[in-house]
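Data file: query_17.cif. Format and content: mmCIF, C-alpha atoms.
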data_work
#
loop_
_atom_site.label_atom_id
_atom_site.label_comp_id
_atom_site.auth_asym_id
_atom_site.auth_seq_id
_atom_site.Cartn_x
_atom_site.Cartn_y
_atom_site.Cartn_z
CA MET K 5 0.00 0.00 0.00
CA ASN K 6 1.37 3.39 -1.02
CA GLN K 7 0.98 5.22 2.30
CA GLU K 8 2.17 8.56 0.93
CA LYS K 9 -0.50 8.49 -1.79
CA VAL K 10 -3.20 7.71 0.78
CA GLN K 11 -1.98 10.56 3.03
CA ASN K 12 -2.11 12.96 0.07
CA LEU K 13 -5.65 11.85 -0.81
CA VAL K 14 -6.78 12.35 2.79
CA THR K 15 -5.19 15.82 2.84
CA GLU K 16 -6.96 16.73 -0.43
CA ALA K 17 -10.31 15.55 0.93
CA LEU K 18 -9.88 17.52 4.16
CA GLU K 19 -8.87 20.69 2.30
CA GLU K 20 -12.33 20.78 0.69
CA ASN K 21 -13.84 21.51 4.11
CA GLN K 22 -11.58 23.64 6.33
CA SER K 23 -13.61 22.85 9.47
CA LEU K 24 -12.47 19.19 9.32
CA PHE K 25 -9.19 17.90 10.67
CA LEU K 26 -7.35 14.60 10.92
CA ILE K 27 -7.17 12.77 14.24
CA SER K 28 -5.43 9.62 13.06
CA LEU K 29 -4.52 7.68 9.94
CA GLN K 30 -3.46 4.09 10.51
CA PHE K 31 -2.27 1.44 8.12
CA LEU K 32 -3.17 -1.90 9.66
CA ALA K 33 -2.57 -5.52 8.68
CA ASN K 34 -4.15 -6.88 5.48
CA ASN K 35 -4.08 -3.43 3.82
CA LYS K 36 -6.73 -2.01 6.13
CA ILE K 37 -6.76 1.79 6.29
CA HIS K 38 -8.35 3.30 9.41
CA LEU K 39 -9.02 7.04 9.26
CA VAL K 40 -10.48 9.17 12.09
CA VAL K 41 -11.66 12.67 11.20
CA ASP K 42 -13.15 15.35 13.45
CA GLY K 43 -14.60 18.78 12.79
CA ASP K 44 -14.92 22.10 14.57
CA GLU K 45 -18.71 21.61 14.56
CA GLY K 46 -18.62 17.80 14.42
CA VAL K 47 -18.60 15.63 11.32
CA SER K 48 -21.69 14.79 9.30
CA LEU K 49 -22.26 11.40 7.72
CA LYS K 50 -22.24 13.18 4.35
CA GLU K 51 -18.66 14.36 5.00
CA ILE K 52 -17.54 10.89 6.13
CA VAL K 53 -18.93 9.44 2.89
CA ARG K 54 -17.33 12.20 0.79
CA ILE K 55 -13.88 11.61 2.32
CA SER K 56 -14.23 7.85 1.99
CA ARG K 57 -15.21 8.11 -1.68
CA HIS K 58 -12.41 10.56 -2.45
CA VAL K 59 -9.81 8.17 -1.08
CA GLU K 60 -11.41 4.99 -2.41
CA HIS K 61 -12.05 6.26 -5.96
CA ASN K 62 -8.46 7.41 -6.34
CA LEU K 63 -6.92 4.09 -5.34
CA ASP K 64 -6.87 1.11 -7.69
CA ARG K 65 -8.21 -2.13 -6.23
CA GLU K 66 -6.90 -3.96 -9.29
CA GLU K 67 -3.39 -2.90 -8.29
CA GLU K 68 -3.76 -3.70 -4.60
CA ASP K 69 -6.84 -4.70 -2.62
CA PHE K 70 -7.59 -2.72 0.56
CA ALA K 71 -10.24 -2.04 3.17
CA LEU K 72 -11.04 1.54 4.11
CA GLU K 73 -12.77 2.68 7.30
CA VAL K 74 -13.48 6.40 7.83
CA THR K 75 -15.00 7.39 11.17
CA SER K 76 -15.45 10.31 13.52
CA PRO K 77 -14.00 10.03 17.02
CA ASP K 78 -15.93 8.04 19.60
CA ILE K 79 -17.17 10.18 22.51
CA LYS K 80 -15.40 7.77 24.88
CA GLU K 81 -12.02 8.42 23.26
CA PRO K 82 -9.64 10.95 24.81
CA LEU K 83 -8.97 14.30 23.15
CA VAL K 84 -5.72 14.31 21.19
CA THR K 85 -5.47 17.59 19.27
CA GLN K 86 -5.71 21.24 20.26
CA ARG K 87 -8.64 21.74 17.87
CA GLN K 88 -10.59 19.13 19.82
CA TYR K 89 -10.07 21.16 23.00
CA LEU K 90 -11.18 24.34 21.20
CA LYS K 91 -14.39 22.73 19.98
CA ASN K 92 -15.17 21.50 23.49
CA ILE K 93 -14.92 24.84 25.28
CA SER K 94 -17.84 25.16 27.76
CA ARG K 95 -18.05 21.39 28.18
CA ILE K 96 -17.06 19.43 31.26
CA LEU K 97 -13.75 17.57 30.93
CA LYS K 98 -12.06 14.94 33.05
CA VAL K 99 -8.34 15.59 32.82
CA LYS K 100 -5.62 13.33 34.21
CA THR K 101 -2.05 14.47 34.72
CA GLU K 102 0.86 12.53 36.18
CA ASP K 103 -0.09 13.37 39.77
CA GLN K 104 -3.62 14.82 39.72
CA GLU K 105 -7.11 14.54 38.27
CA TYR K 106 -9.39 17.46 37.48
CA GLU K 107 -13.03 17.66 36.50
CA GLY K 108 -14.29 21.02 35.43
CA THR K 109 -15.66 23.18 32.67
CA LEU K 110 -13.16 23.92 29.93
CA THR K 111 -13.10 27.72 29.72
CA LYS K 112 -9.99 28.32 27.63
CA ALA K 113 -7.66 26.46 25.29
CA ASP K 114 -4.72 28.19 23.65
CA ASP K 115 -1.51 27.02 21.98
CA ASN K 116 0.10 25.79 25.20
CA GLU K 117 -2.50 25.05 27.86
CA ILE K 118 -6.11 24.66 28.91
CA VAL K 119 -8.04 26.26 31.77
CA LEU K 120 -10.65 24.35 33.78
CA GLU K 121 -13.06 25.89 36.28
CA TRP K 122 -15.33 24.23 38.83
CA LYS K 123 -17.07 24.81 42.16
CA ALA K 124 -16.12 22.98 45.34
CA ARG K 125 -17.45 22.85 48.90
CA GLU K 126 -14.78 23.56 51.49
CA PRO K 127 -14.84 24.12 55.26
CA LYS K 128 -15.36 27.72 56.33
CA PRO K 129 -12.18 29.46 57.45
CA ILE K 130 -13.89 30.42 60.71
CA GLY K 131 -16.71 28.50 62.33
CA LYS K 132 -18.61 25.39 61.34
CA GLY K 133 -20.08 24.49 58.00
CA LYS K 134 -18.93 24.69 54.42
CA VAL K 135 -18.77 27.36 51.80
CA THR K 136 -18.84 27.04 47.99
CA VAL K 137 -15.65 28.31 46.35
CA GLU K 138 -14.72 28.68 42.70
CA LYS K 139 -11.61 26.78 41.67
CA MET K 140 -9.46 27.06 38.57
CA ALA K 141 -6.64 24.97 37.14
CA THR K 142 -4.33 25.73 34.25
CA VAL K 143 -2.86 22.59 32.68
CA ALA K 144 -0.23 22.51 29.95
CA TYR K 145 -0.91 20.13 27.06
CA LYS K 146 2.43 18.42 27.72
CA ASP K 147 1.25 17.52 31.24
CA ILE K 148 -2.06 15.99 30.15
CA LYS K 149 -2.00 12.19 30.19
CA GLU K 150 -5.67 11.87 29.23
CA ALA K 151 -8.59 14.23 28.74
CA LYS K 152 -12.15 13.11 28.06
CA VAL K 153 -15.41 14.96 27.62
CA LYS K 154 -17.83 14.06 30.41
CA ILE K 155 -21.23 13.12 29.07
CA VAL K 156 -23.99 14.82 31.05
CA PHE K 157 -27.65 13.93 30.52
#
Rendering of file as structure tokens:
Amino acid sequence: MNQEKVQNLVTEALEENQSLFLISLQFLANNKIHLVVDGDEGVSLKEIVRISRHVEHNLDREEEDFALEVTSPDIKEPLVTQRQYLKNISRILKVKTEDQEYEGTLTKADDNEIVLEWKAREPKPIGKGKVTVEKMATVAYKDIKEAKVKIVF
């Protein structure tokens, strides 16, 4: 399988819609091509089909047989690119670092880090009882081991 040709075809297909971006392109055993594409506003089935056809129609099965699977990311999968963080601003994320876990609303994502905010109940500084306080954490992308969108119903 000519991997460079497949990569070029995927790039061409994604250039037709600037809101789409590549998450992963894998070449698996038995000439299986697995492609995961995401979009700033999600990915429609129509776009998945368009990308699949663009790649499939420009490869020759007579030359080499292959299987092609084009999907959007599963909601259970962790975020891997900065654009995924940007599209999930205002959503609740569970973020794991080497030594800590955070769960909060993603309020900012820039080139280097993300900002999470949440509310917590803590003991009052004076007297009995608890008070609600606003918390914030800034986490660099390089420190994130895993980040997932929390599904809230």
Exercise. Got a sec: who's within 10 Å of Leu63 in chain K, counting all atoms listed in the file, leaving out chain neighbours fewer than 4 positions off, as a ChimeraX atom specification?
Worked result: /K:5-6,9-10,13,57-59,67-70
Expansion of the PyMOL selection byres ((chain K and resi 84) around 10) into residues, as a PDB file with C-alpha atoms, in the coordinates of the input:
ATOM      1  CA  ILE K  27      -7.170  12.770  14.240  1.00  0.00           C
ATOM      2  CA  SER K  28      -5.430   9.620  13.060  1.00  0.00           C
ATOM      3  CA  GLU K  81     -12.020   8.420  23.260  1.00  0.00           C
ATOM      4  CA  PRO K  82      -9.640  10.950  24.810  1.00  0.00           C
ATOM      5  CA  LEU K  83      -8.970  14.300  23.150  1.00  0.00           C
ATOM      6  CA  THR K  85      -5.470  17.590  19.270  1.00  0.00           C
ATOM      7  CA  GLN K  86      -5.710  21.240  20.260  1.00  0.00           C
ATOM      8  CA  ARG K  87      -8.640  21.740  17.870  1.00  0.00           C
ATOM      9  CA  GLN K  88     -10.590  19.130  19.820  1.00  0.00           C
ATOM     10  CA  TYR K  89     -10.070  21.160  23.000  1.00  0.00           C
ATOM     11  CA  TYR K 145      -0.910  20.130  27.060  1.00  0.00           C
ATOM     12  CA  ILE K 148      -2.060  15.990  30.150  1.00  0.00           C
ATOM     13  CA  LYS K 149      -2.000  12.190  30.190  1.00  0.00           C
ATOM     14  CA  GLU K 150      -5.670  11.870  29.230  1.00  0.00           C
ATOM     15  CA  ALA K 151      -8.590  14.230  28.740  1.00  0.00           C
ATOM     16  CA  LYS K 152     -12.150  13.110  28.060  1.00  0.00           C
TER      17      LYS K 152
END
Please write as a short mmCIF file (atom, residue, chain, number, x, y, z; two decimals) with C-alpha atoms, keeping the file's coordinate frame the full residue list that the PyMOL selection byres ((chain K and resi 105) around 12) yields on this file.
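So the final result, stored in expr_38.cif, reads:
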data_model
loop_
_atom_site.label_atom_id
_atom_site.label_comp_id
_atom_site.auth_asym_id
_atom_site.auth_seq_id
_atom_site.Cartn_x
_atom_site.Cartn_y
_atom_site.Cartn_z
CA LEU K 97 -13.75 17.57 30.93
CA LYS K 98 -12.06 14.94 33.05
CA VAL K 99 -8.34 15.59 32.82
CA LYS K 100 -5.62 13.33 34.21
CA THR K 101 -2.05 14.47 34.72
CA GLU K 102 0.86 12.53 36.18
CA ASP K 103 -0.09 13.37 39.77
CA GLN K 104 -3.62 14.82 39.72
CA TYR K 106 -9.39 17.46 37.48
CA GLU K 107 -13.03 17.66 36.50
CA GLY K 108 -14.29 21.02 35.43
CA LEU K 120 -10.65 24.35 33.78
CA ALA K 141 -6.64 24.97 37.14
CA VAL K 143 -2.86 22.59 32.68
CA ASP K 147 1.25 17.52 31.24
CA ILE K 148 -2.06 15.99 30.15
CA LYS K 149 -2.00 12.19 30.19
CA GLU K 150 -5.67 11.87 29.23
CA ALA K 151 -8.59 14.23 28.74
CA LYS K 152 -12.15 13.11 28.06
#
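Running the PyMOL selection byres ((chain K and resi 46) around 10) on this file leaves Ser23, Leu24, Val41, Asp42, Gly43, Asp44, Glu45, Val47, Ser48, Leu49, Ser76, Pro77, Gln88 and Lys91 of chain K selected.
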For this session: List the residues sitting within 12 Å of (-19.5, 11.3, 1.2) in the file's frame, using all atoms listed in the file, as a list of chain:residue names.
Result: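 Output: K:Ala17, K:Leu18, K:Glu20, K:Val47, K:Ser48, K:Leu49, K:Lys50, K:Glu51, K:Ile52, K:Val53, K:Arg54, K:Ile55, K:Ser56, K:Arg57, K:His58, K:Val59, K:Glu60, K:His61, K:Val74, K:Thr75.
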Exercise. What separation in Å, quoted to one decimal, exists between CA of Ile93 in chain K and CA of Lys154 in chain K?
Worked result: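 Spanning CA of Ile93 in chain K to CA of Lys154 in chain K is a straight-line distance of 12.3 Å.
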Exercise. Expressed in Å to a single decimal, how great is the separation between CA of Val153 in chain K and CA of Ile96 in chain K?
Worked result: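 Straight-line distance from CA of Val153 in chain K to CA of Ile96 in chain K works out to 6.0 Å.
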Exercise. Between K:Ser94, K:Asn35, K:Gln22, K:Asn62, which is the closest to Lys112 in chain K once you count all atoms listed in the file?
Worked result: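 Looking only at the distances to Lys112 in chain K, the closest residue turns out to be K:Ser94.
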Problem set entry | Separation of CA of Leu39 in chain K from CA of Asn21 in chain K, in Å and rounded to one decimal | 16.1 Å
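The smallest atom-to-atom distance between Asn34 in chain K and any of K:Ala124, K:Ile118, K:Leu110, K:Leu72, using all atoms listed in the file, is found for K:Leu72.
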Problem set entry | Given all atoms listed in the file as the counted atoms, nearest of K:Lys134, K:His38, K:Lys80, K:Lys139 to Trp122 in chain K | K:Lys139
Problem set entry | Residue with smallest distance to Ala113 in chain K - pool K:Arg65, K:Arg95, K:Lys128, K:Lys36, counting all atoms listed in the file | K:Arg95
